[in-house]
Amino acid sequence: MKTLATLGPAIGAALAHDIGFSGGPIRDPHPLPFAAEAEMLGNVSLRRRREFGWGRHHAREALCHLGLAPSPILSRVDRAPLWPTEVVGSISHSSSDCGAVAGRSSNVLALGLDIEDQEPLGADLLPIICTAAEIERGEWSSSRFGPKLIFVIKEAVYKSYAPATGEFLDFQDVNVRMNEQSGLFEAEIVNLQKPMSFGSRTINGIYLPFVGGILAIAVRFRAA
């Protein structure tokens, strides 16, 4: 099984677009932030400083994949990263790993990344995370991650949808179909009361296991 750091080519091939990705373990010593980032971060715990340092490091590596020079990536009030104006991106971390994805806004409307540890989803969370249709299909049954596949995919979908639309989704607002052979998914927004800012109810993406966990990337490309 591949490590998180080696998933970039598989992600690029699966999405068939120029999406920059970088990821790896959270460890010490951690990369130092830019001066403006350090000032914004302030006096925080070592854990937060470590997560922030690696998150920004991988964000800059993802930008380099797009041919863009490294630059400070500050945060909004809600701690979401402020990407360069020509970029759409997402940063995620688990307790042990961190990664980032980025795409040019001229090509990508929305992009979301979620990285999770390999611990299984608690049985009590199944009816909260999964729709009745997802439970009936049980597409995760042959995976060692079980229904946590649905969780990581929906988290990626939310992280792509909210920044692009200013709207939020609940777990029951999204119905996921997975293709075990390709690792691709299609997520449909099933609550019709939610505004359809994308002009479509579907968001597509990829899910990939790696040593120690699993990631999902949700992406909505602009129409050609």
# chains A, B, ... in the order shown; residues from 1 in each chain; ligands from 1
>>> select_by_dssp(residues="region 12-223 of chain A", states="strand (DSSP E)", output="PDB file with C-alpha atoms, in the first residue's frame")
ATOM      1  CA  GLY A  20      -1.583  19.779  -7.189  1.00  0.00           C
ATOM      2  CA  PHE A  21      -1.264  17.486  -4.158  1.00  0.00           C
ATOM      3  CA  SER A  22       1.257  17.099  -1.367  1.00  0.00           C
ATOM      4  CA  GLY A  23       1.052  15.095   1.843  1.00  0.00           C
ATOM      5  CA  GLY A  24       2.963  13.222   4.492  1.00  0.00           C
ATOM      6  CA  PRO A  25       3.324  12.495   8.214  1.00  0.00           C
ATOM      7  CA  VAL A  87      -6.296  29.200  -6.659  1.00  0.00           C
ATOM      8  CA  VAL A  88      -8.893  26.937  -5.075  1.00  0.00           C
ATOM      9  CA  GLY A  89      -7.540  24.608  -2.411  1.00  0.00           C
ATOM     10  CA  SER A  90      -8.038  22.582   0.734  1.00  0.00           C
ATOM     11  CA  ILE A  91      -5.890  21.455   3.687  1.00  0.00           C
ATOM     12  CA  SER A  92      -6.649  18.512   5.960  1.00  0.00           C
ATOM     13  CA  HIS A  93      -4.966  16.508   8.681  1.00  0.00           C
ATOM     14  CA  ASP A  97      -0.857  12.839   8.672  1.00  0.00           C
ATOM     15  CA  CYS A  98      -1.437  16.053   6.771  1.00  0.00           C
ATOM     16  CA  GLY A  99      -1.971  17.063   3.160  1.00  0.00           C
ATOM     17  CA  ALA A 100      -3.187  19.748   0.777  1.00  0.00           C
ATOM     18  CA  VAL A 101      -4.689  19.998  -2.704  1.00  0.00           C
ATOM     19  CA  ALA A 102      -4.849  23.000  -5.025  1.00  0.00           C
ATOM     20  CA  GLY A 103      -6.183  23.799  -8.468  1.00  0.00           C
ATOM     21  CA  ARG A 104      -6.406  26.905 -10.607  1.00  0.00           C
ATOM     22  CA  VAL A 108     -11.758  24.372 -10.681  1.00  0.00           C
ATOM     23  CA  LEU A 109     -14.914  25.708  -9.046  1.00  0.00           C
ATOM     24  CA  ALA A 110     -14.651  23.804  -5.752  1.00  0.00           C
ATOM     25  CA  LEU A 111     -12.122  21.491  -4.142  1.00  0.00           C
ATOM     26  CA  GLY A 112     -12.195  19.669  -0.823  1.00  0.00           C
ATOM     27  CA  LEU A 113      -9.771  17.276   0.880  1.00  0.00           C
ATOM     28  CA  ASP A 114     -10.321  15.105   3.939  1.00  0.00           C
ATOM     29  CA  ILE A 115      -7.751  12.833   5.597  1.00  0.00           C
ATOM     30  CA  GLU A 116      -8.783  10.385   8.317  1.00  0.00           C
ATOM     31  CA  ASP A 117      -7.097   7.789  10.509  1.00  0.00           C
ATOM     32  CA  VAL A 174     -25.654  14.006   0.609  1.00  0.00           C
ATOM     33  CA  ASN A 175     -26.016  10.541  -0.909  1.00  0.00           C
ATOM     34  CA  VAL A 176     -22.780   8.842  -2.024  1.00  0.00           C
ATOM     35  CA  ARG A 177     -22.200   6.137  -4.619  1.00  0.00           C
ATOM     36  CA  MET A 178     -18.759   4.536  -4.818  1.00  0.00           C
ATOM     37  CA  ASN A 179     -16.947   2.528  -7.466  1.00  0.00           C
ATOM     38  CA  LEU A 184     -14.121   7.168  -7.754  1.00  0.00           C
ATOM     39  CA  PHE A 185     -17.319   8.457  -6.190  1.00  0.00           C
ATOM     40  CA  GLU A 186     -20.341  10.550  -7.069  1.00  0.00           C
ATOM     41  CA  ALA A 187     -22.046  12.547  -4.322  1.00  0.00           C
ATOM     42  CA  GLU A 188     -25.583  13.802  -4.920  1.00  0.00           C
ATOM     43  CA  ILE A 189     -27.170  16.576  -2.894  1.00  0.00           C
ATOM     44  CA  THR A 202     -23.557  16.213  -8.045  1.00  0.00           C
ATOM     45  CA  ILE A 203     -19.938  16.500  -6.922  1.00  0.00           C
ATOM     46  CA  ASN A 204     -17.393  13.891  -7.975  1.00  0.00           C
ATOM     47  CA  GLY A 205     -14.068  12.764  -6.617  1.00  0.00           C
ATOM     48  CA  ILE A 206     -11.693  10.027  -5.538  1.00  0.00           C
ATOM     49  CA  TYR A 207     -10.997   8.093  -2.346  1.00  0.00           C
ATOM     50  CA  LEU A 208      -7.677   6.368  -1.705  1.00  0.00           C
ATOM     51  CA  PRO A 209      -6.337   4.288   1.190  1.00  0.00           C
ATOM     52  CA  PHE A 210      -2.754   4.812   2.307  1.00  0.00           C
ATOM     53  CA  GLY A 213      -5.452   6.039   6.866  1.00  0.00           C
ATOM     54  CA  ILE A 214      -7.630   7.126   3.986  1.00  0.00           C
ATOM     55  CA  LEU A 215      -8.223  10.328   2.038  1.00  0.00           C
ATOM     56  CA  ALA A 216     -10.973  11.662  -0.201  1.00  0.00           C
ATOM     57  CA  ILE A 217     -10.913  14.560  -2.648  1.00  0.00           C
ATOM     58  CA  ALA A 218     -14.127  16.155  -3.885  1.00  0.00           C
ATOM     59  CA  VAL A 219     -13.931  18.427  -6.909  1.00  0.00           C
ATOM     60  CA  ARG A 220     -16.261  20.382  -9.138  1.00  0.00           C
ATOM     61  CA  PHE A 221     -14.651  21.493 -12.385  1.00  0.00           C
TER      62      PHE A 221
END
>>> residues_around(residues="region 143-146 of chain A", least_positions_apart="3", cutoff="9 Å", atoms="only C-alpha atoms", output="PyMOL selection string")
chain A and resi 118-121+138-140+149-150+180+209+213-214
>>> residues_around(residues="His17 (chain A)", least_positions_apart="4", cutoff="9 Å", atoms="only C-alpha atoms", output="compact mmCIF listing (two decimals) with C-alpha atoms, in the first residue's frame")
# COMPACT_ATOMS: atom_id res chain seq x y z
CA GLY A 12 -3.64 13.32 -10.94
CA ALA A 13 -4.37 10.30 -13.13
CA GLY A 103 -6.18 23.80 -8.47
CA ASN A 107 -10.49 25.40 -14.12
>>> residues_around(residues="Gln172 (chain A)", least_positions_apart="3", cutoff="8 Å", atoms="only C-alpha atoms", output="ChimeraX atom specification")
/A:128-131,175,191
>>> select_by_dssp(residues="region 62-197 of chain A", states="alpha helix (DSSP H)", output="mmCIF file with N, CA and C atoms, in the first residue's frame")
data_model
loop_
_atom_site.group_PDB
_atom_site.id
_atom_site.type_symbol
_atom_site.label_atom_id
_atom_site.label_comp_id
_atom_site.auth_asym_id
_atom_site.auth_seq_id
_atom_site.Cartn_x
_atom_site.Cartn_y
_atom_site.Cartn_z
ATOM 1 N N ALA A 62 1.762 22.003 -3.017
ATOM 2 C CA ALA A 62 0.671 21.844 -3.987
ATOM 3 C C ALA A 62 0.660 23.007 -4.974
ATOM 4 N N LEU A 63 0.930 24.219 -4.479
ATOM 5 C CA LEU A 63 1.000 25.375 -5.363
ATOM 6 C C LEU A 63 2.166 25.246 -6.342
ATOM 7 N N CYS A 64 3.282 24.704 -5.861
ATOM 8 C CA CYS A 64 4.441 24.519 -6.744
ATOM 9 C C CYS A 64 4.110 23.571 -7.889
ATOM 10 N N HIS A 65 3.269 22.566 -7.622
ATOM 11 C CA HIS A 65 2.846 21.647 -8.677
ATOM 12 C C HIS A 65 2.081 22.381 -9.778
ATOM 13 N N LEU A 126 -23.508 5.209 12.481
ATOM 14 C CA LEU A 126 -23.915 4.779 11.144
ATOM 15 C C LEU A 126 -25.178 5.483 10.661
ATOM 16 N N PRO A 127 -26.298 5.499 11.441
ATOM 17 C CA PRO A 127 -27.506 6.165 10.933
ATOM 18 C C PRO A 127 -27.408 7.688 10.893
ATOM 19 N N ILE A 128 -26.389 8.247 11.543
ATOM 20 C CA ILE A 128 -26.189 9.700 11.502
ATOM 21 C C ILE A 128 -25.402 10.093 10.257
ATOM 22 N N ILE A 129 -24.377 9.313 9.956
ATOM 23 C CA ILE A 129 -23.495 9.623 8.830
ATOM 24 C C ILE A 129 -24.105 9.191 7.507
ATOM 25 N N ALA A 132 -30.320 6.246 4.403
ATOM 26 C CA ALA A 132 -30.925 4.914 4.339
ATOM 27 C C ALA A 132 -30.509 4.193 3.060
ATOM 28 N N ALA A 133 -30.396 4.936 1.959
ATOM 29 C CA ALA A 133 -30.003 4.326 0.684
ATOM 30 C C ALA A 133 -28.569 3.820 0.747
ATOM 31 N N GLU A 134 -27.671 4.558 1.388
ATOM 32 C CA GLU A 134 -26.283 4.132 1.514
ATOM 33 C C GLU A 134 -26.167 2.882 2.379
ATOM 34 N N ILE A 135 -26.952 2.833 3.454
ATOM 35 C CA ILE A 135 -26.930 1.656 4.323
ATOM 36 C C ILE A 135 -27.449 0.435 3.580
ATOM 37 N N GLU A 136 -28.494 0.617 2.797
ATOM 38 C CA GLU A 136 -29.069 -0.501 2.040
ATOM 39 C C GLU A 136 -28.077 -1.025 0.998
ATOM 40 N N ARG A 137 -27.376 -0.120 0.313
ATOM 41 C CA ARG A 137 -26.426 -0.564 -0.706
ATOM 42 C C ARG A 137 -25.191 -1.208 -0.084
ATOM 43 N N LYS A 148 -16.730 4.079 7.234
ATOM 44 C CA LYS A 148 -15.924 5.290 7.364
ATOM 45 C C LYS A 148 -15.583 5.860 5.993
ATOM 46 N N LEU A 149 -15.650 5.023 4.943
ATOM 47 C CA LEU A 149 -15.481 5.525 3.577
ATOM 48 C C LEU A 149 -16.499 6.627 3.284
ATOM 49 N N ILE A 150 -17.751 6.400 3.711
ATOM 50 C CA ILE A 150 -18.790 7.399 3.493
ATOM 51 C C ILE A 150 -18.468 8.671 4.262
ATOM 52 N N PHE A 151 -17.980 8.511 5.479
ATOM 53 C CA PHE A 151 -17.656 9.663 6.310
ATOM 54 C C PHE A 151 -16.595 10.540 5.657
ATOM 55 N N VAL A 152 -15.492 9.932 5.223
ATOM 56 C CA VAL A 152 -14.399 10.722 4.659
ATOM 57 C C VAL A 152 -14.819 11.381 3.352
ATOM 58 N N ILE A 153 -15.627 10.698 2.554
ATOM 59 C CA ILE A 153 -16.106 11.295 1.304
ATOM 60 C C ILE A 153 -17.003 12.492 1.583
ATOM 61 N N LYS A 154 -17.934 12.344 2.529
ATOM 62 C CA LYS A 154 -18.845 13.452 2.822
ATOM 63 C C LYS A 154 -18.102 14.640 3.421
ATOM 64 N N GLU A 155 -17.099 14.380 4.235
ATOM 65 C CA GLU A 155 -16.298 15.483 4.771
ATOM 66 C C GLU A 155 -15.617 16.249 3.641
ATOM 67 N N ALA A 156 -15.085 15.519 2.657
ATOM 68 C CA ALA A 156 -14.456 16.177 1.508
ATOM 69 C C ALA A 156 -15.482 16.976 0.708
ATOM 70 N N VAL A 157 -16.674 16.423 0.547
ATOM 71 C CA VAL A 157 -17.739 17.129 -0.174
ATOM 72 C C VAL A 157 -18.096 18.424 0.544
ATOM 73 N N TYR A 158 -18.252 18.371 1.869
ATOM 74 C CA TYR A 158 -18.588 19.571 2.628
ATOM 75 C C TYR A 158 -17.503 20.628 2.498
ATOM 76 N N LYS A 159 -16.232 20.176 2.523
ATOM 77 C CA LYS A 159 -15.114 21.114 2.450
ATOM 78 C C LYS A 159 -14.997 21.752 1.064
ATOM 79 N N SER A 160 -15.553 21.103 0.057
ATOM 80 C CA SER A 160 -15.572 21.710 -1.276
ATOM 81 C C SER A 160 -16.778 22.632 -1.439
ATOM 82 N N TYR A 161 -17.898 22.245 -0.880
ATOM 83 C CA TYR A 161 -19.167 22.942 -1.112
ATOM 84 C C TYR A 161 -19.274 24.259 -0.340
ATOM 85 N N ALA A 162 -18.946 24.233 0.948
ATOM 86 C CA ALA A 162 -19.165 25.413 1.787
ATOM 87 C C ALA A 162 -18.353 26.636 1.357
ATOM 88 N N PRO A 163 -17.026 26.509 1.106
ATOM 89 C CA PRO A 163 -16.286 27.706 0.693
ATOM 90 C C PRO A 163 -16.751 28.278 -0.643
ATOM 91 N N ALA A 164 -17.214 27.409 -1.539
ATOM 92 C CA ALA A 164 -17.612 27.859 -2.876
ATOM 93 C C ALA A 164 -18.992 28.499 -2.885
ATOM 94 N N THR A 165 -19.848 28.118 -1.933
ATOM 95 C CA THR A 165 -21.243 28.562 -1.970
ATOM 96 C C THR A 165 -21.664 29.387 -0.760
#
>>> decode(residues="region 16-160 of chain A", atoms="C-alpha atoms", output="CSV table (one decimal), in the first residue's frame")
chain,number,residue,atom,x,y,z
A,16,ALA,CA,-7.5,13.7,-15.2
A,17,HIS,CA,-6.9,17.4,-14.5
A,18,ASP,CA,-4.0,19.5,-13.2
A,19,ILE,CA,-4.6,19.2,-9.4
A,20,GLY,CA,-1.6,19.8,-7.2
A,21,PHE,CA,-1.3,17.5,-4.2
A,22,SER,CA,1.3,17.1,-1.4
A,23,GLY,CA,1.1,15.1,1.8
A,24,GLY,CA,3.0,13.2,4.5
A,25,PRO,CA,3.3,12.5,8.2
A,26,ILE,CA,3.1,15.1,10.9
A,27,ARG,CA,6.4,15.0,12.8
A,28,ASP,CA,9.2,17.1,14.3
A,29,PRO,CA,10.9,19.2,13.4
A,30,HIS,CA,8.0,20.9,11.7
A,31,PRO,CA,8.4,23.5,8.9
A,32,LEU,CA,8.6,27.1,10.1
A,33,PRO,CA,5.8,29.3,8.9
A,34,PHE,CA,6.3,32.6,7.0
A,35,ALA,CA,6.7,35.6,9.3
A,36,ALA,CA,3.1,36.8,8.5
A,37,GLU,CA,1.7,33.4,9.3
A,38,ALA,CA,3.6,33.2,12.5
A,39,GLU,CA,2.3,36.6,13.6
A,40,MET,CA,-1.2,35.5,12.7
A,41,LEU,CA,-0.9,32.2,14.5
A,42,GLY,CA,0.2,33.8,17.8
A,43,ASN,CA,0.8,31.9,21.0
A,44,VAL,CA,-0.6,28.4,20.3
A,45,SER,CA,0.1,24.9,21.5
A,46,LEU,CA,3.0,22.9,20.0
A,47,ARG,CA,0.4,20.5,18.5
A,48,ARG,CA,-1.4,23.4,16.7
A,49,ARG,CA,1.9,24.9,15.6
A,50,ARG,CA,3.1,21.5,14.2
A,51,GLU,CA,-0.2,20.9,12.3
A,52,PHE,CA,-0.2,24.5,11.0
A,53,GLY,CA,3.5,24.2,9.9
A,54,TRP,CA,3.0,21.0,8.0
A,55,GLY,CA,-0.4,22.1,6.5
A,56,ARG,CA,1.2,25.3,5.1
A,57,HIS,CA,4.2,23.3,3.9
A,58,HIS,CA,2.0,20.9,1.9
A,59,ALA,CA,-0.2,23.8,0.6
A,60,ARG,CA,2.9,25.5,-0.8
A,61,GLU,CA,4.1,22.2,-2.3
A,62,ALA,CA,0.7,21.8,-4.0
A,63,LEU,CA,1.0,25.4,-5.4
A,64,CYS,CA,4.4,24.5,-6.7
A,65,HIS,CA,2.8,21.6,-8.7
A,66,LEU,CA,0.8,24.3,-10.4
A,67,GLY,CA,3.8,26.4,-11.2
A,68,LEU,CA,3.1,29.0,-8.5
A,69,ALA,CA,5.8,30.5,-6.2
A,70,PRO,CA,5.6,29.9,-2.5
A,71,SER,CA,3.8,32.6,-0.5
A,72,PRO,CA,2.2,33.2,2.9
A,73,ILE,CA,-1.2,31.5,3.3
A,74,LEU,CA,-3.1,33.3,6.0
A,75,SER,CA,-6.5,32.3,7.5
A,76,ARG,CA,-10.0,33.6,7.7
A,77,VAL,CA,-11.7,34.1,11.0
A,78,ASP,CA,-13.0,30.6,10.8
A,79,ARG,CA,-9.4,29.4,10.3
A,80,ALA,CA,-10.0,28.4,6.7
A,81,PRO,CA,-6.9,29.1,4.5
A,82,LEU,CA,-6.8,32.2,2.3
A,83,TRP,CA,-5.5,30.9,-0.9
A,84,PRO,CA,-4.1,33.1,-3.7
A,85,THR,CA,-6.9,34.7,-5.8
A,86,GLU,CA,-6.2,32.4,-8.8
A,87,VAL,CA,-6.3,29.2,-6.7
A,88,VAL,CA,-8.9,26.9,-5.1
A,89,GLY,CA,-7.5,24.6,-2.4
A,90,SER,CA,-8.0,22.6,0.7
A,91,ILE,CA,-5.9,21.5,3.7
A,92,SER,CA,-6.6,18.5,6.0
A,93,HIS,CA,-5.0,16.5,8.7
A,94,SER,CA,-5.6,13.5,10.9
A,95,SER,CA,-3.8,12.9,14.2
A,96,SER,CA,-0.7,11.6,12.3
A,97,ASP,CA,-0.9,12.8,8.7
A,98,CYS,CA,-1.4,16.1,6.8
A,99,GLY,CA,-2.0,17.1,3.2
A,100,ALA,CA,-3.2,19.7,0.8
A,101,VAL,CA,-4.7,20.0,-2.7
A,102,ALA,CA,-4.8,23.0,-5.0
A,103,GLY,CA,-6.2,23.8,-8.5
A,104,ARG,CA,-6.4,26.9,-10.6
A,105,SER,CA,-9.7,28.7,-10.1
A,106,SER,CA,-10.0,29.2,-13.9
A,107,ASN,CA,-10.5,25.4,-14.1
A,108,VAL,CA,-11.8,24.4,-10.7
A,109,LEU,CA,-14.9,25.7,-9.0
A,110,ALA,CA,-14.7,23.8,-5.8
A,111,LEU,CA,-12.1,21.5,-4.1
A,112,GLY,CA,-12.2,19.7,-0.8
A,113,LEU,CA,-9.8,17.3,0.9
A,114,ASP,CA,-10.3,15.1,3.9
A,115,ILE,CA,-7.8,12.8,5.6
A,116,GLU,CA,-8.8,10.4,8.3
A,117,ASP,CA,-7.1,7.8,10.5
A,118,GLN,CA,-7.8,4.1,9.9
A,119,GLU,CA,-9.9,3.6,13.1
A,120,PRO,CA,-13.4,2.3,12.2
A,121,LEU,CA,-16.6,4.4,12.5
A,122,GLY,CA,-18.6,3.6,15.6
A,123,ALA,CA,-21.8,1.6,14.9
A,124,ASP,CA,-23.8,4.2,16.8
A,125,LEU,CA,-22.8,6.8,14.1
A,126,LEU,CA,-23.9,4.8,11.1
A,127,PRO,CA,-27.5,6.2,10.9
A,128,ILE,CA,-26.2,9.7,11.5
A,129,ILE,CA,-23.5,9.6,8.8
A,130,CYS,CA,-25.2,7.4,6.2
A,131,THR,CA,-28.5,7.8,4.4
A,132,ALA,CA,-30.9,4.9,4.3
A,133,ALA,CA,-30.0,4.3,0.7
A,134,GLU,CA,-26.3,4.1,1.5
A,135,ILE,CA,-26.9,1.7,4.3
A,136,GLU,CA,-29.1,-0.5,2.0
A,137,ARG,CA,-26.4,-0.6,-0.7
A,138,GLY,CA,-23.6,-1.2,1.7
A,139,GLU,CA,-21.0,-0.5,-0.9
A,140,TRP,CA,-18.3,-0.3,1.8
A,141,SER,CA,-18.8,-3.9,2.9
A,142,SER,CA,-15.6,-5.3,1.3
A,143,SER,CA,-13.4,-2.5,2.6
A,144,ARG,CA,-11.4,-2.6,5.8
A,145,PHE,CA,-12.5,1.0,6.4
A,146,GLY,CA,-16.2,0.0,6.4
A,147,PRO,CA,-18.7,2.9,6.4
A,148,LYS,CA,-15.9,5.3,7.4
A,149,LEU,CA,-15.5,5.5,3.6
A,150,ILE,CA,-18.8,7.4,3.5
A,151,PHE,CA,-17.7,9.7,6.3
A,152,VAL,CA,-14.4,10.7,4.7
A,153,ILE,CA,-16.1,11.3,1.3
A,154,LYS,CA,-18.8,13.5,2.8
A,155,GLU,CA,-16.3,15.5,4.8
A,156,ALA,CA,-14.5,16.2,1.5
A,157,VAL,CA,-17.7,17.1,-0.2
A,158,TYR,CA,-18.6,19.6,2.6
A,159,LYS,CA,-15.1,21.1,2.4
A,160,SER,CA,-15.6,21.7,-1.3
